[in-house]
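Shown below: run_12.txt, with compact mmCIF, C-alpha atoms and all ligand atoms.
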```txt
# COMPACT_ATOMS: atom_id res chain seq x y z
CA MET C 3 -25.78 14.38 9.64
CA SER C 4 -26.42 17.53 7.59
CA THR C 5 -28.39 16.98 4.38
CA HIS C 6 -27.94 20.36 2.74
CA LYS C 7 -25.41 20.34 -0.12
CA THR C 8 -23.75 23.46 -1.48
CA LYS C 9 -24.87 24.63 -4.93
CA PRO C 10 -22.01 25.37 -7.34
CA GLY C 11 -22.04 28.92 -8.71
CA LYS C 12 -25.07 30.16 -6.73
CA PRO C 13 -24.40 32.57 -3.84
CA GLU C 14 -25.63 31.14 -0.55
CA ARG C 15 -26.30 32.46 2.93
CA LEU C 16 -23.33 32.16 5.25
CA ASP C 17 -25.37 30.28 7.88
CA GLU C 18 -26.43 27.77 5.18
CA LEU C 19 -22.81 27.32 4.10
CA LEU C 20 -21.74 26.62 7.68
CA PHE C 21 -24.67 24.24 8.10
CA SER C 22 -23.62 22.37 4.94
CA GLN C 23 -20.13 21.85 6.41
CA GLY C 24 -21.42 20.23 9.61
CA PHE C 25 -21.13 23.12 12.08
CA GLY C 26 -24.46 22.31 13.72
CA THR C 27 -28.07 23.35 13.31
CA ARG C 28 -28.90 26.52 11.37
CA ARG C 29 -29.51 28.25 14.70
CA VAL C 30 -26.09 27.21 16.03
CA CYS C 31 -24.46 28.33 12.75
CA ALA C 32 -26.22 31.72 12.91
CA GLY C 33 -24.98 32.05 16.53
CA LEU C 34 -21.35 31.37 15.53
CA ILE C 35 -21.61 34.12 12.92
CA GLU C 36 -23.35 36.64 15.21
CA GLN C 37 -20.68 36.07 17.88
CA GLY C 38 -18.00 37.14 15.37
CA LEU C 39 -16.38 33.69 15.19
CA VAL C 40 -16.53 33.41 11.39
CA ARG C 41 -14.26 35.20 8.93
CA VAL C 42 -14.55 35.24 5.15
CA HIS C 43 -11.92 36.75 2.82
CA ASP C 44 -10.00 37.94 5.94
CA GLU C 45 -12.98 39.86 7.36
CA THR C 46 -15.26 39.02 10.27
CA VAL C 47 -18.85 38.64 9.01
CA THR C 48 -21.62 38.97 11.60
CA ASP C 49 -24.65 38.78 9.28
CA PRO C 50 -25.87 35.15 8.96
CA GLY C 51 -27.67 36.15 5.72
CA ALA C 52 -24.53 37.48 3.96
CA LEU C 53 -24.21 35.82 0.56
CA PHE C 54 -21.10 34.01 -0.76
CA ALA C 55 -20.47 31.64 -3.69
CA ALA C 56 -19.33 28.25 -2.38
CA ASP C 57 -16.84 27.56 -5.21
CA GLY C 58 -13.30 27.77 -3.87
CA LEU C 59 -14.51 29.53 -0.69
CA VAL C 60 -12.38 29.12 2.45
CA LEU C 61 -14.16 29.96 5.70
CA GLU C 62 -12.28 30.66 8.90
CA VAL C 63 -14.23 29.35 11.86
CA GLU C 64 -12.86 29.97 15.36
CA GLY C 65 -9.42 30.47 13.81
CA GLN C 66 -9.42 27.29 11.71
CA ALA C 67 -9.36 27.50 7.89
CA TRP C 68 -12.20 25.47 6.44
CA PRO C 69 -12.42 25.05 2.64
CA VAL C 70 -16.08 24.61 1.64
CA GLN C 71 -16.36 21.12 0.13
CA ALA C 72 -19.60 19.84 -1.47
CA THR C 73 -18.52 16.40 -0.25
CA ALA C 74 -15.90 16.14 2.47
CA LEU C 75 -12.63 14.31 1.74
CA VAL C 76 -9.89 14.29 4.36
CA LEU C 77 -6.64 12.44 4.93
CA LEU C 78 -5.76 11.08 8.38
CA ASN C 79 -2.28 9.84 9.23
CA LYS C 80 -3.62 7.03 11.37
CA PRO C 81 -1.69 6.18 14.51
CA ALA C 82 -1.67 2.67 16.00
CA GLY C 83 -4.27 1.92 18.67
CA TYR C 84 -7.37 3.20 16.82
CA GLU C 85 -10.06 1.15 15.05
CA CYS C 86 -11.72 2.10 11.75
CA SER C 87 -15.00 0.52 12.84
CA GLN C 88 -17.93 2.89 13.49
CA LYS C 89 -18.72 0.91 16.64
CA PRO C 90 -15.29 0.12 18.04
CA GLY C 91 -14.78 -2.60 20.63
CA ALA C 92 -11.41 -2.78 22.34
CA TRP C 93 -9.87 0.35 20.80
CA PRO C 94 -11.10 3.93 20.34
CA SER C 95 -12.46 4.94 16.93
CA VAL C 96 -10.45 6.93 14.38
CA MET C 97 -13.46 9.29 14.37
CA LEU C 98 -12.22 10.68 17.69
CA LEU C 99 -9.22 12.11 15.82
CA LEU C 100 -11.51 14.28 13.63
CA PRO C 101 -13.21 17.57 14.58
CA PRO C 102 -16.98 17.56 15.30
CA PRO C 103 -18.08 19.13 11.93
CA LEU C 104 -16.57 16.21 10.00
CA ARG C 105 -18.21 13.70 12.33
CA THR C 106 -21.52 15.56 11.96
CA ARG C 107 -21.20 15.28 8.18
CA GLY C 108 -20.94 11.51 8.60
CA VAL C 109 -17.52 10.92 7.05
CA GLN C 110 -16.50 7.25 6.93
CA PRO C 111 -13.17 5.54 6.30
CA VAL C 112 -12.43 4.66 2.65
CA GLY C 113 -11.65 1.01 3.37
CA ARG C 114 -10.21 -0.04 6.69
CA LEU C 115 -6.84 -0.25 8.35
CA ASP C 116 -6.26 -2.61 11.24
CA GLN C 117 -5.94 -1.24 14.77
CA ASP C 118 -2.15 -1.65 14.66
CA THR C 119 -1.66 -0.34 11.08
CA THR C 120 -0.51 3.26 10.67
CA GLY C 121 -0.54 5.74 7.78
CA ALA C 122 -2.80 6.97 4.99
CA LEU C 123 -6.51 6.73 5.75
CA LEU C 124 -8.97 8.71 3.63
CA LEU C 125 -12.41 9.57 5.01
CA THR C 126 -15.38 10.97 3.11
CA ASP C 127 -19.15 11.44 3.28
CA ASP C 128 -19.44 10.54 -0.44
CA GLY C 129 -20.54 6.90 -0.80
CA SER C 130 -19.83 6.78 -4.53
CA LEU C 131 -16.28 8.04 -3.91
CA ILE C 132 -15.75 5.27 -1.34
CA HIS C 133 -16.80 2.75 -3.97
CA ARG C 134 -14.63 4.39 -6.65
CA LEU C 135 -11.53 4.33 -4.45
CA THR C 136 -11.93 0.85 -2.96
CA SER C 137 -13.24 -1.22 -5.88
CA PRO C 138 -10.40 -3.33 -7.38
CA LYS C 139 -11.91 -2.57 -10.82
CA HIS C 140 -10.67 1.00 -10.55
CA HIS C 141 -7.08 -0.02 -9.78
CA VAL C 142 -6.30 2.69 -7.25
CA PRO C 143 -2.91 1.58 -5.89
CA LYS C 144 -2.33 1.38 -2.15
CA VAL C 145 1.29 1.12 -1.02
CA TYR C 146 2.27 -0.64 2.21
CA GLU C 147 5.54 -0.67 4.14
CA VAL C 148 5.74 -4.18 5.58
CA HIS C 149 8.21 -4.83 8.39
CA THR C 150 8.69 -8.55 8.78
CA ALA C 151 9.72 -10.88 11.60
CA ARG C 152 12.11 -12.83 9.35
CA PRO C 153 14.39 -11.78 6.48
CA VAL C 154 12.71 -11.18 3.12
CA ASP C 155 14.06 -12.75 -0.08
CA GLU C 156 13.51 -12.84 -3.83
CA ALA C 157 11.54 -16.11 -3.61
CA GLN C 158 8.96 -14.41 -1.36
CA VAL C 159 8.83 -11.38 -3.68
CA LYS C 160 8.25 -13.64 -6.71
CA ARG C 161 5.40 -15.47 -5.00
CA LEU C 162 3.77 -12.23 -3.84
CA ARG C 163 4.00 -10.85 -7.41
CA GLU C 164 2.68 -14.03 -9.02
CA GLY C 165 -0.16 -14.57 -6.56
CA VAL C 166 -0.88 -16.49 -3.39
CA VAL C 167 -4.01 -18.32 -2.25
CA LEU C 168 -5.25 -17.22 1.16
CA LEU C 169 -6.99 -19.51 3.62
CA ASP C 170 -10.81 -19.31 3.17
CA ASP C 171 -10.51 -17.66 -0.27
CA PRO C 172 -9.86 -19.82 -3.35
CA VAL C 173 -9.07 -16.91 -5.69
CA ALA C 174 -5.32 -16.09 -5.73
CA VAL C 175 -4.36 -12.49 -4.91
CA HIS C 176 -1.17 -10.87 -6.12
CA ALA C 177 0.77 -7.68 -5.44
CA GLU C 178 0.93 -5.17 -8.31
CA GLY C 179 4.36 -4.25 -7.00
CA CYS C 180 6.76 -5.73 -4.45
CA GLU C 181 10.24 -4.43 -3.67
CA ILE C 182 12.81 -5.34 -1.06
CA ILE C 183 13.63 -2.12 0.81
CA GLY C 184 15.70 -3.65 3.62
CA PRO C 185 16.54 -7.04 5.16
CA GLN C 186 13.13 -7.16 6.90
CA HIS C 187 11.24 -4.51 4.93
CA LEU C 188 9.07 -5.03 1.84
CA ARG C 189 7.13 -2.38 -0.08
CA LEU C 190 3.94 -3.91 -1.43
CA THR C 191 1.44 -2.30 -3.83
CA LEU C 192 -2.11 -3.68 -3.89
CA VAL C 193 -5.28 -2.65 -5.71
CA GLN C 194 -7.64 -4.78 -3.62
CA GLY C 195 -8.44 -4.42 0.07
CA LYS C 196 -9.44 -7.81 1.41
CA TYR C 197 -9.62 -8.42 5.16
CA HIS C 198 -6.07 -8.41 6.64
CA GLN C 199 -4.83 -8.84 3.07
CA VAL C 200 -1.21 -7.78 3.54
CA LYS C 201 -0.72 -9.75 6.74
CA ARG C 202 -2.32 -12.85 5.19
CA MET C 203 -0.27 -12.57 1.97
CA VAL C 204 2.96 -12.22 3.92
CA ALA C 205 2.01 -15.22 6.09
CA ALA C 206 1.21 -17.22 2.93
CA VAL C 207 4.85 -16.88 1.79
CA GLY C 208 6.18 -18.08 5.15
CA ASN C 209 6.98 -14.75 6.79
CA HIS C 210 5.14 -12.65 9.40
CA CYS C 211 4.16 -8.98 9.33
CA GLU C 212 5.38 -7.30 12.53
CA ALA C 213 4.46 -3.72 11.64
CA LEU C 214 2.45 -2.23 8.78
CA HIS C 215 2.27 1.33 7.49
CA ARG C 216 0.24 2.52 4.46
CA SER C 217 2.56 5.00 2.76
CA GLY C 218 0.54 5.68 -0.36
CA PHE C 219 -3.08 5.92 -1.49
CA GLY C 220 -3.19 6.70 -5.22
CA ALA C 221 -0.89 9.67 -5.69
CA ILE C 222 -1.08 10.70 -2.02
CA ALA C 223 2.06 9.87 -0.04
CA VAL C 224 2.23 9.51 3.74
CA PRO C 225 5.79 8.35 4.46
CA GLU C 226 6.50 6.58 7.72
CA PRO C 227 8.60 8.17 10.47
CA PRO C 228 11.31 9.39 10.68
CA ALA C 229 10.42 10.92 7.28
CA GLU C 230 8.15 13.98 7.60
CA ALA C 231 4.57 13.43 6.54
CA ASP C 232 1.70 15.85 5.86
CA PRO C 233 -0.30 15.38 8.01
CA ALA C 234 1.94 14.30 10.92
CA PRO C 235 1.04 11.02 12.69
CA GLY C 236 -2.32 11.31 14.45
CA ARG C 237 -3.31 14.48 12.51
CA TRP C 238 -5.70 15.08 9.60
CA ARG C 239 -5.96 17.56 6.74
CA PHE C 240 -8.28 18.31 3.85
CA VAL C 241 -7.51 16.62 0.51
CA SER C 242 -6.96 19.37 -2.08
CA ALA C 243 -8.96 19.61 -5.30
CA ALA C 244 -5.84 18.62 -7.30
CA GLU C 245 -5.26 15.56 -5.08
CA ARG C 246 -8.92 14.57 -5.41
CA ALA C 247 -8.67 14.82 -9.22
CA ALA C 248 -5.50 12.69 -9.18
CA LEU C 249 -7.24 10.04 -7.06
CA LEU C 250 -10.11 9.93 -9.54
CA ALA C 251 -7.64 9.64 -12.42
CA ALA C 252 -5.93 6.62 -10.80
CA GLY C 253 -6.47 3.49 -12.84
CA LYS C 254 -7.10 5.58 -15.95
CA GLY C 255 -3.36 6.10 -16.34
CA GLY C 256 -3.12 8.86 -13.73
CA GLY C 257 -2.58 8.57 -9.98
CA LYS C 258 0.68 6.66 -10.02
CA PRO C 259 1.56 5.06 -6.67
CA ALA C 260 3.05 7.57 -4.30
CA PRO C 261 6.87 7.48 -4.24
CA ALA C 262 7.11 6.51 -0.59
CA ALA C 263 10.16 7.41 1.42
CA GLY C 264 11.80 4.25 2.76
N1 LIG S 1 -3.72 -5.34 5.06
C1 LIG S 1 -3.65 -5.74 6.35
O1 LIG S 1 -3.34 -6.87 6.64
N2 LIG S 1 -3.96 -4.82 7.32
C2 LIG S 1 -4.26 -3.53 7.04
O2 LIG S 1 -4.50 -2.75 7.97
C3 LIG S 1 -4.31 -3.12 5.70
C4 LIG S 1 -4.04 -4.03 4.72
```
Can I see the file as C-alpha cells?
Amino acid sequence: MSTHKTKPGKPERLDELLFSQGFGTRRVCAGLIEQGLVRVHDETVTDPGALFAADGLVLEVEGQAWPVQATALVLLNKPAGYECSQKPGAWPSVMLLLPPPLRTRGVQPVGRLDQDTTGALLLTDDGSLIHRLTSPKHHVPKVYEVHTARPVDEAQVKRLREGVVLLDDPVAVHAEGCEIIGPQHLRLTLVQGKYHQVKRMVAAVGNHCEALHRSGFGAIAVPEPPAEADPAPGRWRFVSAAERAALLAAGKGGGKPAPAAG
C-alpha cells in the first residue's frame, strides 16, 4: 500500500503524484512517465520531475482518466457471485473487479454485501470515512430492493417499520422506510448494517428474501436492471467531490435516500 498522501495546494512531482495514486513504486511511476504513457492537461509529459498541483488534477494513464484523490472513494455496482471479504472462501473477491492501483492503495468495502446481493458498494482507503458512512449514529440511509418469495402486505410493512427482534440479538431493529413496490417487492431503507440484516428482518415478518439489490447509498443511486445505472453492473467509477460531500452531509439533513427506480 502506498503511504504518500498528496499535499493540497503544493505543486508535486508527477512521479510522486502517480505513486500516491497506487501506480507502483516511484521507479515504476517514473518509467510510466518516461515511456509517454501519462498525459496531463491533454499533453504527454515525459519528465517524472514535472510539477503539478494535486487539487482537481485529472491524470490520464494509459488512456484512462484518473482524478487525483487524497483518499480514494469509488462506487462498484456489485454483481452477484463476489464476496466482500478480503480473504474470500467460496467466491472471488470484489477486489478483482477493481484496477491494480486501487488495490495497491488498499481500498476496502464500506460495509459488506452478501455474495448474492447486487448494487451499490462503496470502497475507500480512508478508515475514518468507513466509520462515518457505516456507523448508525450518522444515519446514512441505505436503500434495498427486496424481492420476496411470498406476497408482501401492509402488516409486514408495519412490523418492519415498528421494529423486529432478530434471533441472537435482543435489541429490536426497524426500517427507516418501507414501501410496497410490487406484489413481491419491498423497498427498505436502513441506517444500520448488521449481519444479513435485510434477510433476517424479512424472515422475522414471515417472508423470505429471494433477491436483494442495494439501490441507494446516501444520495447515490444505483437502480437495478433493467433501469440504467452508472456504473453498469460489474463496473466501478470514482465518486465525485459533490457526491462525497453529499454523503458526508447525510444524517445532518443532507444526503436524502436516493430515489431508486423500481
Ligand atoms: N442485508 C442483507 O441481508 N444482506 C446484504 O447483503 C445487505 C444487507
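Going from atom CA of Arg29 of chain C over to atom CA of Val109 of chain C, you cover 22.4 Å.
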Go through chain C and flag each residue having an atom no more than 10 Å from ligand LIG 1 (chain S); for those, report the closest pair of atoms plus their distance in Å to one decimal, using all atoms listed in the file, ordered by chain and rising number, as CSV.
```
residue,atom,partner,partner_atom,distance
C:Glu85,CA,S:LIG1,O2,9.8
C:Cys86,CA,S:LIG1,O2,9.5
C:Gly113,CA,S:LIG1,C3,8.7
C:Arg114,CA,S:LIG1,O2,6.4
C:Leu115,CA,S:LIG1,O2,3.4
C:Asp116,CA,S:LIG1,O2,3.7
C:Gln117,CA,S:LIG1,O2,7.1
C:Asp118,CA,S:LIG1,O2,7.2
C:Thr119,CA,S:LIG1,O2,4.9
C:Thr120,CA,S:LIG1,O2,7.7
C:Gly121,CA,S:LIG1,O2,9.4
C:Leu123,CA,S:LIG1,O2,9.9
C:Lys144,CA,S:LIG1,C4,8.9
C:Val145,CA,S:LIG1,C4,9.4
C:Tyr146,CA,S:LIG1,C4,7.6
C:Val148,CA,S:LIG1,O1,9.5
C:Leu192,CA,S:LIG1,C4,8.8
C:Gln194,CA,S:LIG1,C4,9.1
C:Gly195,CA,S:LIG1,C4,6.4
C:Lys196,CA,S:LIG1,N1,7.2
C:Tyr197,CA,S:LIG1,O1,6.6
C:His198,CA,S:LIG1,O1,3.1
C:Gln199,CA,S:LIG1,N1,4.2
C:Val200,CA,S:LIG1,N1,3.8
C:Lys201,CA,S:LIG1,O1,3.9
C:Arg202,CA,S:LIG1,O1,6.2
C:Met203,CA,S:LIG1,O1,8.0
C:Val204,CA,S:LIG1,O1,8.7
C:Ala205,CA,S:LIG1,O1,9.9
C:Cys211,CA,S:LIG1,O1,8.2
C:Ala213,CA,S:LIG1,N2,9.5
C:Leu214,CA,S:LIG1,O2,7.0
C:His215,CA,S:LIG1,O2,7.9
C:Arg216,CA,S:LIG1,C3,7.4
```
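You can rank C:Ala234, C:Val112, C:Ala55, C:Val241 by their closest distance to Leu131 of chain C using all atoms listed in the file, and at the top of that list sits C:Val112.
With all atoms listed in the file as the atoms that count, the residue of C:Ala231, C:Ala92, C:Ile182, C:Val142 with the shortest distance to Leu162 of chain C is C:Ile182.
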Who sits within 7 Å of Leu190 of chain C, all atoms listed in the file, same chain under 5 positions skipped, as a PDB file with C-alpha atoms, in the frame of the given file:
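Writing done, so here's around-v6.pdb:
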```
ATOM      1  CA  VAL C 145       1.290   1.120  -1.020  1.00  0.00           C
ATOM      2  CA  TYR C 146       2.270  -0.640   2.210  1.00  0.00           C
ATOM      3  CA  GLU C 147       5.540  -0.670   4.140  1.00  0.00           C
ATOM      4  CA  ALA C 177       0.770  -7.680  -5.440  1.00  0.00           C
ATOM      5  CA  GLY C 179       4.360  -4.250  -7.000  1.00  0.00           C
ATOM      6  CA  CYS C 180       6.760  -5.730  -4.450  1.00  0.00           C
ATOM      7  CA  GLU C 181      10.240  -4.430  -3.670  1.00  0.00           C
TER       8      GLU C 181
END
```
message = Between C:Arg134, C:Arg15, C:Arg41, C:His210, which residue has the minimum interatomic distance to Ala151 of chain C, considering all atoms listed in the file?
response = C:His210
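Note that the spacing between atom CA of Val167 of chain C and atom CA of Thr136 of chain C amounts to 20.8 Å.
Comparing C:Ala52, C:Gly65, C:Glu45, C:Ala72 by their smallest distance to Gly11 of chain C, the closest is C:Ala72 (using only C-alpha atoms).
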Draw an axis-aligned box over all listed atoms of segment 48-56 of chain C, pad each side with 6 Å, and write its centre and edge lengths in Å, one decimal, as lines of an AutoDock Vina configuration file.
```
center_x = -23.5
center_y = 33.6
center_z = 4.0
size_x = 20.3
size_y = 22.7
size_z = 27.3
```
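In this model, the gap between atom CA of Arg189 of chain C and atom CA of Gly220 of chain C comes to 14.7 Å.
The shortest atom-to-atom distance to Gln71 of chain C, with all atoms listed in the file taken into account, belongs to C:Leu19 out of C:Leu19, C:Leu124, C:Val47, C:Ala221.
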